[in-house]
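To be precise, the following lines are final-v7.csv, and they hold CSV, C-alpha atoms.
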chain,number,residue,atom,x,y,z
Y,8,MET,CA,19.0,-13.9,-8.4
Y,9,ASN,CA,20.3,-12.8,-11.8
Y,10,ASP,CA,17.4,-11.0,-13.3
Y,11,PHE,CA,18.1,-8.7,-16.3
Y,12,LEU,CA,16.1,-5.6,-16.5
Y,13,GLU,CA,17.1,-2.8,-18.9
Y,14,LEU,CA,15.9,0.8,-19.1
Y,15,ASP,CA,14.0,1.5,-22.3
Y,16,THR,CA,12.2,4.9,-22.1
Y,17,THR,CA,9.9,3.8,-25.0
Y,18,GLY,CA,9.2,0.4,-23.5
Y,19,PRO,CA,6.3,-0.8,-21.3
Y,20,VAL,CA,5.7,-0.2,-17.6
Y,21,LEU,CA,6.3,-3.5,-15.8
Y,22,ILE,CA,3.6,-4.3,-13.3
Y,23,VAL,CA,4.8,-7.2,-11.1
Y,24,GLY,CA,1.6,-8.9,-10.0
Y,25,GLY,CA,-0.3,-7.1,-12.7
Y,26,TYR,CA,-3.2,-9.5,-12.8
Y,27,GLY,CA,-3.8,-9.9,-9.0
Y,28,THR,CA,-6.6,-8.0,-7.2
Y,29,VAL,CA,-4.7,-4.7,-6.9
Y,30,GLY,CA,-2.7,-5.4,-10.1
Y,31,THR,CA,-5.8,-5.8,-12.2
Y,32,ALA,CA,-7.2,-2.5,-11.0
Y,33,LEU,CA,-3.9,-0.8,-11.6
Y,34,THR,CA,-3.7,-2.3,-15.1
Y,35,ARG,CA,-7.1,-1.0,-16.0
Y,36,LEU,CA,-6.1,2.5,-14.8
Y,37,ALA,CA,-2.7,2.6,-16.4
Y,38,ALA,CA,-3.5,1.0,-19.8
Y,39,PRO,CA,-4.8,4.2,-21.4
Y,40,ASP,CA,-1.4,5.9,-20.7
Y,41,TRP,CA,1.4,3.4,-21.3
Y,42,PRO,CA,2.1,0.0,-22.8
Y,43,LEU,CA,2.2,-2.5,-20.0
Y,44,LEU,CA,4.0,-5.7,-19.2
Y,45,LEU,CA,2.3,-7.8,-16.5
Y,46,THR,CA,4.1,-10.6,-14.7
Y,47,GLY,CA,3.3,-13.3,-12.2
Y,48,ARG,CA,3.8,-17.0,-11.5
Y,49,ASN,CA,0.7,-18.0,-13.6
Y,50,PRO,CA,0.6,-15.8,-16.7
Y,51,ASP,CA,-2.5,-17.5,-18.0
Y,52,ARG,CA,-4.5,-15.8,-15.3
Y,53,GLY,CA,-3.7,-12.5,-16.9
Y,54,SER,CA,-5.0,-13.4,-20.3
Y,55,HIS,CA,-8.2,-11.4,-19.8
Y,56,LEU,CA,-6.1,-8.2,-19.6
Y,57,ILE,CA,-4.2,-8.6,-22.8
Y,58,SER,CA,-4.5,-6.0,-25.6
Y,59,GLY,CA,-8.0,-5.3,-26.9
Y,60,LYS,CA,-9.8,-6.6,-23.8
Y,61,ILE,CA,-9.7,-3.4,-21.6
Y,62,PRO,CA,-12.4,-0.8,-22.3
Y,63,GLY,CA,-10.7,2.5,-23.3
Y,64,GLN,CA,-7.3,0.8,-23.7
Y,65,GLN,CA,-5.0,2.8,-25.9
Y,66,GLN,CA,-1.7,0.8,-25.5
Y,67,ASN,CA,-0.5,-2.7,-25.7
Y,68,VAL,CA,-0.7,-5.1,-22.7
Y,69,SER,CA,1.2,-8.3,-22.6
Y,70,VAL,CA,1.8,-11.0,-19.9
Y,71,GLN,CA,4.9,-13.0,-19.0
Y,72,LYS,CA,6.0,-15.4,-16.3
Y,73,TRP,CA,8.1,-14.1,-13.4
Y,74,ASP,CA,7.9,-16.3,-10.4
Y,75,LEU,CA,9.8,-14.6,-7.5
Y,76,ASN,CA,10.0,-17.8,-5.6
Y,77,GLN,CA,11.9,-19.6,-8.4
Y,78,ALA,CA,15.6,-19.1,-9.4
Y,79,GLU,CA,14.9,-18.8,-13.1
Y,80,PRO,CA,16.1,-15.3,-14.2
Y,81,PHE,CA,13.7,-12.8,-15.8
Y,82,ALA,CA,14.7,-10.3,-18.5
Y,83,ALA,CA,12.8,-7.3,-20.0
Y,84,LYS,CA,13.3,-3.8,-21.3
Y,85,VAL,CA,11.0,-1.4,-19.5
Y,86,ARG,CA,10.5,2.3,-18.8
Y,87,ALA,CA,9.4,1.8,-15.1
Y,88,VAL,CA,8.6,-1.0,-12.6
Y,89,ILE,CA,5.8,-1.1,-10.1
Y,90,SER,CA,5.5,-3.9,-7.6
Y,91,ALA,CA,2.0,-4.9,-6.7
Y,92,VAL,CA,3.0,-8.1,-4.8
Y,93,ASN,CA,5.1,-8.8,-1.8
Y,94,ASP,CA,8.8,-8.9,-2.6
Y,95,PRO,CA,10.3,-10.6,0.4
Y,96,ASP,CA,13.8,-10.9,-1.0
Y,97,ASP,CA,13.9,-7.5,-2.6
Y,98,ARG,CA,14.3,-9.2,-6.0
Y,99,VAL,CA,12.2,-6.7,-8.0
Y,100,LEU,CA,13.7,-3.8,-6.1
Y,101,ARG,CA,17.3,-4.9,-6.7
Y,102,ALA,CA,16.7,-5.6,-10.4
Y,103,ALA,CA,15.0,-2.3,-11.1
Y,104,VAL,CA,17.3,0.0,-9.0
Y,105,GLY,CA,20.4,-1.8,-10.2
Y,106,ALA,CA,19.4,-1.1,-13.8
Y,107,GLY,CA,18.5,2.6,-13.1
Y,108,ILE,CA,14.8,2.1,-13.8
Y,109,PRO,CA,12.2,4.3,-12.1
Y,110,TYR,CA,10.6,2.1,-9.4
Y,111,VAL,CA,7.4,2.2,-7.3
Y,112,ASP,CA,6.3,-0.2,-4.5
Y,113,VAL,CA,2.8,-0.3,-3.0
Y,114,THR,CA,2.8,-3.6,-1.0
Y,115,ARG,CA,5.4,-3.5,1.8
Y,116,TRP,CA,4.7,-3.5,5.6
Y,117,THR,CA,6.8,-1.3,7.8
Y,118,SER,CA,9.8,-3.5,8.5
Y,119,ARG,CA,10.1,-4.3,4.8
Y,120,VAL,CA,9.9,-0.6,4.0
Y,121,THR,CA,12.8,0.1,6.4
Y,122,ARG,CA,14.8,-2.7,4.7
Y,123,ALA,CA,13.9,-1.4,1.2
Y,124,VAL,CA,15.2,2.1,2.2
Y,125,THR,CA,18.5,0.6,3.2
Y,126,GLN,CA,18.8,-1.8,0.3
Y,127,ALA,CA,17.9,0.9,-2.3
Y,128,THR,CA,20.3,3.4,-0.7
Y,129,LEU,CA,23.2,1.0,-0.7
Y,130,LEU,CA,22.6,0.4,-4.5
Y,131,ARG,CA,23.1,4.2,-5.1
Y,132,PRO,CA,20.0,4.7,-7.3
Y,133,THR,CA,20.3,6.7,-10.4
Y,134,ALA,CA,16.5,6.9,-10.9
Y,135,PRO,CA,13.5,7.6,-8.7
Y,136,VAL,CA,12.7,5.0,-6.1
Y,137,LEU,CA,9.2,5.6,-4.6
Y,138,LEU,CA,8.3,3.5,-1.6
Y,139,SER,CA,4.5,4.1,-1.6
Y,140,SER,CA,3.4,1.4,0.8
Y,141,GLY,CA,1.4,3.5,3.2
Y,142,TRP,CA,-2.2,2.4,3.6
Y,143,MET,CA,-3.9,2.2,0.2
Y,144,GLY,CA,-0.8,2.6,-1.9
Y,145,GLY,CA,0.2,5.9,-0.2
Y,146,VAL,CA,-3.1,7.7,-0.6
Y,147,THR,CA,-3.3,8.1,3.2
Y,148,ASN,CA,0.2,9.6,3.2
Y,149,ILE,CA,-0.7,12.1,0.5
Y,150,VAL,CA,-3.9,13.3,2.1
Y,151,ALA,CA,-2.3,13.5,5.5
Y,152,ALA,CA,0.5,15.7,4.0
Y,153,ALA,CA,-2.0,18.0,2.3
Y,154,LEU,CA,-3.9,18.4,5.6
Y,155,ALA,CA,-0.6,19.1,7.5
Y,156,GLU,CA,0.4,21.7,5.0
Y,157,ASP,CA,-3.0,23.5,5.5
Y,158,ALA,CA,-2.7,23.1,9.3
Y,159,GLY,CA,0.8,24.6,9.4
Y,160,GLY,CA,2.4,21.3,10.3
Y,161,GLY,CA,1.5,17.8,11.5
Y,162,ASP,CA,1.9,17.9,15.3
Y,163,THR,CA,-0.5,15.0,15.6
Y,164,ILE,CA,-1.9,12.8,12.8
Y,165,ASP,CA,-4.6,10.2,13.5
Y,166,VAL,CA,-5.7,7.8,10.8
Y,167,ALA,CA,-8.9,5.7,11.2
Y,168,ILE,CA,-9.7,3.0,8.7
Y,169,ARG,CA,-13.1,1.4,8.2
Y,170,TYR,CA,-12.4,-1.9,6.5
Y,171,ASP,CA,-15.5,-3.2,4.6
Y,172,ILE,CA,-15.7,-6.9,5.1
Y,173,ASN,CA,-17.7,-7.2,1.9
Y,174,ASP,CA,-14.8,-5.7,-0.1
Y,175,GLN,CA,-12.7,-7.6,-2.6
Y,176,ALA,CA,-9.3,-8.3,-1.2
Y,177,GLY,CA,-6.2,-10.2,-2.4
Y,178,VAL,CA,-4.2,-12.4,-0.1
Y,179,ASP,CA,-1.4,-9.9,0.1
Y,180,SER,CA,-3.7,-7.2,1.4
Y,181,VAL,CA,-4.3,-9.1,4.6
Y,182,ASP,CA,-0.7,-10.1,5.2
Y,183,PHE,CA,-0.7,-7.6,8.1
Y,184,MET,CA,-2.8,-10.2,10.0
Y,185,ASP,CA,0.5,-12.1,10.5
Y,186,ARG,CA,2.0,-8.9,12.1
Y,187,LEU,CA,-0.6,-8.6,14.8
Y,188,GLY,CA,1.5,-10.5,17.4
Y,189,LEU,CA,4.4,-8.1,17.1
Y,190,ASP,CA,4.8,-4.9,19.0
Y,191,PHE,CA,5.9,-1.9,16.8
Y,192,GLU,CA,7.5,1.4,17.2
Y,193,VAL,CA,5.9,4.8,16.4
Y,194,ARG,CA,6.5,8.4,17.2
Y,195,LYS,CA,4.5,10.1,20.0
Y,196,GLY,CA,5.3,13.7,20.8
Y,197,GLY,CA,8.4,13.4,18.8
Y,198,GLN,CA,9.7,10.5,20.8
Y,199,ALA,CA,9.9,6.8,20.0
Y,200,VAL,CA,7.4,4.6,21.8
Y,201,VAL,CA,6.5,0.9,21.4
Y,202,VAL,CA,2.8,0.0,20.8
Y,203,ARG,CA,1.0,-3.3,21.0
Y,204,PRO,CA,-1.3,-4.1,18.1
Y,205,LEU,CA,-5.1,-3.8,18.6
Y,206,THR,CA,-4.8,-1.7,21.7
Y,207,ASP,CA,-5.6,2.0,22.4
Y,208,THR,CA,-9.1,1.5,21.1
Y,209,ARG,CA,-11.6,4.4,20.4
Y,210,TRP,CA,-14.8,5.1,18.7
Y,211,VAL,CA,-14.6,7.3,15.6
Y,212,ASP,CA,-17.2,8.7,13.2
Y,213,ILE,CA,-16.1,7.6,9.7
Y,214,ALA,CA,-18.3,8.7,6.9
Y,215,GLY,CA,-21.3,8.9,9.3
Y,216,ARG,CA,-20.7,5.5,10.7
Y,217,ARG,CA,-19.6,4.9,14.3
Y,218,THR,CA,-16.7,2.6,14.1
Y,219,LYS,CA,-14.5,1.1,16.9
Y,220,VAL,CA,-10.9,1.2,15.8
Y,221,ALA,CA,-7.6,-0.1,17.3
Y,222,ARG,CA,-3.9,0.3,16.6
Y,223,LEU,CA,-2.3,-1.3,13.6
Y,224,ASP,CA,1.3,-1.3,12.3
Y,225,THR,CA,1.3,0.6,9.0
Y,226,PRO,CA,4.2,2.3,7.0
Y,227,GLU,CA,2.9,5.8,7.1
Y,228,GLN,CA,3.5,5.9,10.9
Y,229,PHE,CA,7.2,5.4,10.0
Y,230,THR,CA,7.4,7.7,7.0
Y,231,LEU,CA,5.3,10.7,7.9
Y,232,PRO,CA,7.6,11.7,10.8
Y,233,LEU,CA,10.6,11.4,8.5
Y,234,ALA,CA,9.2,13.1,5.4
Y,235,ILE,CA,7.1,16.0,6.9
Y,236,GLY,CA,8.3,16.1,10.5
Y,237,ALA,CA,5.1,14.8,12.1
Y,238,GLY,CA,5.4,14.6,15.9
Y,239,SER,CA,2.8,11.9,16.5
Y,240,VAL,CA,1.2,9.5,14.1
Y,241,ALA,CA,-1.4,6.8,15.0
Y,242,THR,CA,-3.2,4.5,12.6
Y,243,ARG,CA,-6.2,2.4,13.8
Y,244,ILE,CA,-8.5,0.0,12.0
Y,245,GLY,CA,-12.0,-1.2,12.5
Y,246,PHE,CA,-14.5,-3.1,10.5
Y,247,SER,CA,-17.9,-2.5,8.9
Y,248,SER,CA,-19.1,-5.3,11.1
Y,249,ASN,CA,-18.8,-4.6,14.8
Y,250,ALA,CA,-18.9,-8.4,15.4
Y,251,SER,CA,-15.8,-8.7,13.3
Y,252,THR,CA,-14.0,-6.0,15.3
Y,253,THR,CA,-15.1,-7.7,18.5
Y,254,ALA,CA,-13.8,-11.1,17.3
Y,255,LEU,CA,-10.5,-9.6,16.3
Y,256,LEU,CA,-10.0,-7.9,19.6
Y,257,ALA,CA,-11.0,-11.1,21.4
Y,258,ALA,CA,-8.5,-13.0,19.5
Y,259,ARG,CA,-5.8,-10.5,20.5
Y,260,ALA,CA,-7.0,-10.7,24.2
Y,261,VAL,CA,-6.5,-14.5,24.3
Y,262,GLY,CA,-3.1,-14.2,22.6
Y,263,LEU,CA,-3.9,-15.9,19.3
Y,264,PHE,CA,-1.5,-13.6,17.4
Y,265,ARG,CA,1.3,-14.6,19.7
Y,266,TRP,CA,0.9,-18.3,20.4
Y,267,GLY,CA,-0.8,-18.9,17.1
Y,268,SER,CA,1.8,-17.1,14.9
Y,269,GLY,CA,3.0,-20.1,13.0
Y,270,GLU,CA,1.8,-21.6,9.7
Y,271,ARG,CA,-0.4,-24.1,11.5
Y,272,TRP,CA,-2.7,-21.3,12.7
Y,273,ALA,CA,-2.5,-19.1,9.5
Y,274,PRO,CA,-5.9,-20.2,8.2
Y,275,LEU,CA,-7.6,-19.3,11.5
Y,276,ARG,CA,-5.8,-15.9,11.7
Y,277,ARG,CA,-6.7,-15.0,8.1
Y,278,SER,CA,-10.3,-16.2,8.4
Y,279,LEU,CA,-10.9,-13.3,10.9
Y,280,LEU,CA,-10.5,-10.9,8.0
Y,281,TYR,CA,-9.9,-12.6,4.6
Y,282,SER,CA,-13.3,-13.3,3.3
Y,283,PRO,CA,-13.4,-11.3,0.1
Y,284,GLY,CA,-16.8,-10.4,-1.1
Y,285,SER,CA,-18.3,-8.9,-4.3
Y,286,GLY,CA,-17.3,-5.4,-3.4
Y,287,GLY,CA,-17.5,-2.6,-0.8
Y,288,THR,CA,-16.6,1.0,-0.1
Y,289,ALA,CA,-13.2,2.0,1.3
Y,290,HIS,CA,-13.4,4.7,4.0
Y,291,ILE,CA,-10.6,6.4,5.8
Y,292,ARG,CA,-10.7,9.4,8.2
Y,293,ILE,CA,-7.6,11.5,8.8
Y,294,ASP,CA,-7.3,14.1,11.5
Y,295,VAL,CA,-4.3,16.4,11.6
Y,296,LYS,CA,-3.5,18.9,14.4
Y,297,GLY,CA,-1.1,21.7,13.7
Y,298,PRO,CA,-0.3,25.3,14.7
Y,299,ALA,CA,-3.2,26.6,12.5
Y,300,GLY,CA,-5.7,24.2,14.1
Y,301,THR,CA,-7.2,20.8,13.2
Y,302,ARG,CA,-7.9,19.7,9.7
Y,303,THR,CA,-10.0,16.6,8.8
Y,304,ALA,CA,-10.6,14.6,5.7
Y,305,VAL,CA,-12.8,11.6,5.0
Y,306,ILE,CA,-11.7,9.6,2.0
Y,307,SER,CA,-14.3,7.3,0.4
Y,308,ASP,CA,-13.9,5.1,-2.7
Y,309,PRO,CA,-17.1,3.3,-3.7
Y,310,GLN,CA,-15.0,1.0,-5.9
Y,311,GLY,CA,-13.2,-0.4,-2.8
Y,312,GLN,CA,-9.7,-0.7,-1.4
Y,313,ALA,CA,-8.1,-2.4,-4.4
Y,314,HIS,CA,-9.1,0.5,-6.6
Y,315,LEU,CA,-7.9,3.0,-4.1
Y,316,THR,CA,-4.6,1.2,-3.7
Y,317,ALA,CA,-4.2,1.1,-7.5
Y,318,LEU,CA,-4.9,4.8,-7.7
Y,319,GLY,CA,-2.0,5.3,-5.2
Y,320,GLY,CA,0.1,3.2,-7.6
Y,321,LEU,CA,-1.0,5.3,-10.6
Y,322,LEU,CA,0.0,8.5,-8.8
Y,323,GLY,CA,3.3,6.9,-8.0
Y,324,LEU,CA,4.0,6.0,-11.6
Y,325,ARG,CA,3.2,9.5,-12.8
Y,326,THR,CA,5.6,10.8,-10.1
Y,327,VAL,CA,8.6,8.7,-11.0
Y,328,LEU,CA,8.0,9.2,-14.8
Y,329,ALA,CA,7.5,12.9,-14.6
Y,330,GLU,CA,10.1,15.1,-16.2
Y,331,GLY,CA,12.7,16.2,-13.6
Y,332,ALA,CA,11.5,13.5,-11.1
Y,333,ARG,CA,13.6,13.3,-8.0
Y,334,VAL,CA,16.4,10.7,-8.1
Y,335,GLY,CA,16.8,8.5,-5.1
Y,336,VAL,CA,14.5,7.1,-2.4
Y,337,SER,CA,11.3,9.1,-1.5
Y,338,PHE,CA,7.9,8.6,0.0
Y,339,PRO,CA,4.5,9.7,-1.5
Y,340,GLU,CA,4.2,12.5,1.1
Y,341,SER,CA,7.7,13.8,0.0
Y,342,ALA,CA,6.3,15.3,-3.2
Y,343,PRO,CA,5.8,19.0,-3.4
Y,344,ASP,CA,2.2,20.4,-3.3
Y,345,PRO,CA,0.4,17.2,-2.1
Y,346,ALA,CA,-2.9,19.1,-2.3
Y,347,SER,CA,-2.7,19.0,-6.1
Y,348,ARG,CA,-2.9,15.2,-6.0
Y,349,LEU,CA,-6.3,15.3,-4.4
Y,350,ALA,CA,-8.0,16.5,-7.5
Y,351,GLU,CA,-6.6,13.6,-9.4
Y,352,LEU,CA,-8.0,11.1,-6.9
Y,353,GLU,CA,-11.4,12.8,-7.1
Y,354,SER,CA,-11.3,12.6,-10.9
Y,355,HIS,CA,-11.4,8.8,-10.5
Y,356,GLY,CA,-14.5,8.8,-8.4
Y,357,VAL,CA,-12.9,9.1,-4.9
Y,358,THR,CA,-14.7,11.5,-2.5
Y,359,ILE,CA,-12.5,13.6,-0.2
Y,360,LEU,CA,-14.5,15.6,2.3
Y,361,ARG,CA,-12.3,18.2,4.0
Y,362,SER,CA,-13.2,20.2,7.1

What is this file in structure tokens?
Amino acid sequence: MNDFLELDTTGPVLIVGGYGTVGTALTRLAAPDWPLLLTGRNPDRGSHLISGKIPGQQQNVSVQKWDLNQAEPFAAKVRAVISAVNDPDDRVLRAAVGAGIPYVDVTRWTSRVTRAVTQATLLRPTAPVLLSSGWMGGVTNIVAAALAEDAGGGDTIDVAIRYDINDQAGVDSVDFMDRLGLDFEVRKGGQAVVVRPLTDTRWVDIAGRRTKVARLDTPEQFTLPLAIGAGSVATRIGFSSNASTTALLAARAVGLFRWGSGERWAPLRRSLLYSPGSGGTAHIRIDVKGPAGTRTAVISDPQGQAHLTALGGLLGLRTVLAEGARVGVSFPESAPDPASRLAELESHGVTILRS
């Protein structure tokens, strides 16, 4: 692919997938701060976001076509790039890093994060490359790092997600359903262990709601040990409907995610989770044990998971565009003073209850 991106420090921020579910939320958050260029395969779908149609908008917003599945090259002059869609061939990553443009990614699952680290490193980046694809655009990573700092370290980090089945969700947000037939590697007690998805279940109180959760492959389980030296990291997910959790665990028990891993069974797999509603609340509980004891935080966003993911992207953009930003590959939890980021999340309506 011969895409032609060029660094222009006065140009727009390029949001790839800027009018999707997460992209729209990110566009609304970022429009007051920077001019924006939104891209996707069907630019007409982004017409409602062009200049003058976003409340509080201070900058220009434009939309262009960039279909990552087509060979037609794309060209633009931009100050930063953030990817809000899956980039299976690293096309956006290679175009941005090769041009020395600050880059943020909020959509990769773990194996693609590991590949992105390798790809970006081989390109010898001359600008910041922030791989912020932990749960909810790296918000989970940031809060876990803040708790670990307060606890004197992250010997054990447990993340429990309560997924609201009434929440709005884009197709990309449930791509992890296609990973539920694959075992994955995590760190436990500082050692590598292999875990089977949807096992090791437990009941957890999340925002006053008793929720059954089970193991899930997410990038923060890979990055937190690397970035802050966490000894054990476990992420589990459960649903606001216990019936949905039971159905998902039953599907795993009969082997659906192994024998039904092909395209033929994709609609059935996704129907177990992808039923986007009119909106819901995103809840995440994080428990960190360290030398100074246990620290807990419960994150709640009444505007839902797309808004929380977009906030992670907004924090990422501010990180890579900050004066003196670190050049090269990093993760959201790599930033100094992660606790300072929590106030910014709260300023956008997110509640973070710490204990």

Contacts of Phe81 in chain Y within 12 Å, all atoms listed in the file, excl. fewer than 3 positions in-chain, as a compact mmCIF listing (two decimals) with C-alpha atoms, in the coordinates of the input:
# COMPACT_ATOMS: atom_id res chain seq x y z
CA MET Y 8 19.00 -13.90 -8.40
CA ASN Y 9 20.30 -12.80 -11.80
CA ASP Y 10 17.40 -11.00 -13.30
CA PHE Y 11 18.10 -8.70 -16.30
CA LEU Y 12 16.10 -5.60 -16.50
CA GLU Y 13 17.10 -2.80 -18.90
CA LEU Y 21 6.30 -3.50 -15.80
CA VAL Y 23 4.80 -7.20 -11.10
CA THR Y 46 4.10 -10.60 -14.70
CA GLY Y 47 3.30 -13.30 -12.20
CA ARG Y 48 3.80 -17.00 -11.50
CA GLN Y 71 4.90 -13.00 -19.00
CA LYS Y 72 6.00 -15.40 -16.30
CA TRP Y 73 8.10 -14.10 -13.40
CA ASP Y 74 7.90 -16.30 -10.40
CA LEU Y 75 9.80 -14.60 -7.50
CA ASN Y 76 10.00 -17.80 -5.60
CA GLN Y 77 11.90 -19.60 -8.40
CA ALA Y 78 15.60 -19.10 -9.40
CA LYS Y 84 13.30 -3.80 -21.30
CA ARG Y 98 14.30 -9.20 -6.00
CA VAL Y 99 12.20 -6.70 -8.00
CA ALA Y 102 16.70 -5.60 -10.40
CA ALA Y 103 15.00 -2.30 -11.10

Residue with smallest distance to Ser140 in chain Y - pool Y:Ser354, Y:Gly161, Y:Ala304, Y:Phe338, counting all atoms listed in the file: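 Using all atoms listed in the file, Ser140 in chain Y sits closest to Y:Phe338.
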
query: What separation in Å, quoted to one decimal, exists between CA of Pro232 in chain Y and CA of Ile108 in chain Y?
result: 27.4 Å

Write out as a compact mmCIF listing (two decimals) with C-alpha atoms, in the frame of the given file each polymer residue whose atoms come within 12 Å of Asp207 in chain Y, counting all atoms listed in the file; drop sequence neighbours fewer than 6 positions from it.
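Saved as part-v6.txt:
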# COMPACT_ATOMS: atom_id res chain seq x y z
CA LYS Y 219 -14.50 1.10 16.90
CA VAL Y 220 -10.90 1.20 15.80
CA ALA Y 221 -7.60 -0.10 17.30
CA ARG Y 222 -3.90 0.30 16.60
CA LEU Y 223 -2.30 -1.30 13.60
CA ALA Y 241 -1.40 6.80 15.00
CA THR Y 242 -3.20 4.50 12.60
CA ARG Y 243 -6.20 2.40 13.80
CA ILE Y 244 -8.50 0.00 12.00
CA LEU Y 256 -10.00 -7.90 19.60

query: Which neighbours of range 247-252 of chain Y fall inside 9 Å, counting all atoms listed in the file, when residues of the same chain fewer than 6 positions from it are skipped, and could you give them as a VMD selection string?
result: chain Y and resid 169 to 173 216 218 to 221 279 to 280

- request: Please provide the set of residues having any atom within 9 Å of Gly27 in chain Y, restricted to all atoms listed in the file, with same-chain residues fewer than 5 positions apart removed, written as a count of residues only.
  value: 7

query: Near Thr125 in chain Y, within 12 Å and counting all atoms listed in the file, which residues show up once chain neighbours fewer than 6 positions away are dropped, as a list in words?
result: Asp97, Leu100, Arg101, Ser118, Arg119, Arg131, Pro132, Val136, Leu138, Gly335 and Val336 of chain Y

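Using all atoms listed in the file for every distance, the candidate list Y:Pro339, Y:Thr28, Y:Ser347, Y:Arg35 yields Y:Thr28 as the residue closest to Gly311 in chain Y.
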
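Between CA of Thr358 in chain Y and CA of Val150 in chain Y the interatomic distance comes to 11.9 Å.
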
query: Distance CA of Val240 in chain Y-CA of Asp165 in chain Y, one decimal place?
result: 5.9 Å

field: Selected residue, from Y:Pro309, Y:Gly300, Y:Gly145, Y:Pro204, that lies nearest to Pro345 in chain Y when counting all atoms listed in the file
entry: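 Ranked by minimum distance to Pro345 in chain Y, first place goes to Y:Gly145.
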
- request: Tell me which of Y:Ala167, Y:Ala346, Y:Leu137, Y:Leu324 sits closest to Arg217 in chain Y, counting all atoms listed in the file.
  value: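 Checking each of Y:Ala167, Y:Ala346, Y:Leu137, Y:Leu324 against Arg217 in chain Y, counting all atoms listed in the file, the winner is Y:Ala167.
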
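Residue nearest Leu328 in chain Y within the list Y:Pro109, Y:Pro50, Y:Gly24, Y:Gly30: Y:Pro109 [criterion: smallest interatomic distance, all atoms listed in the file].
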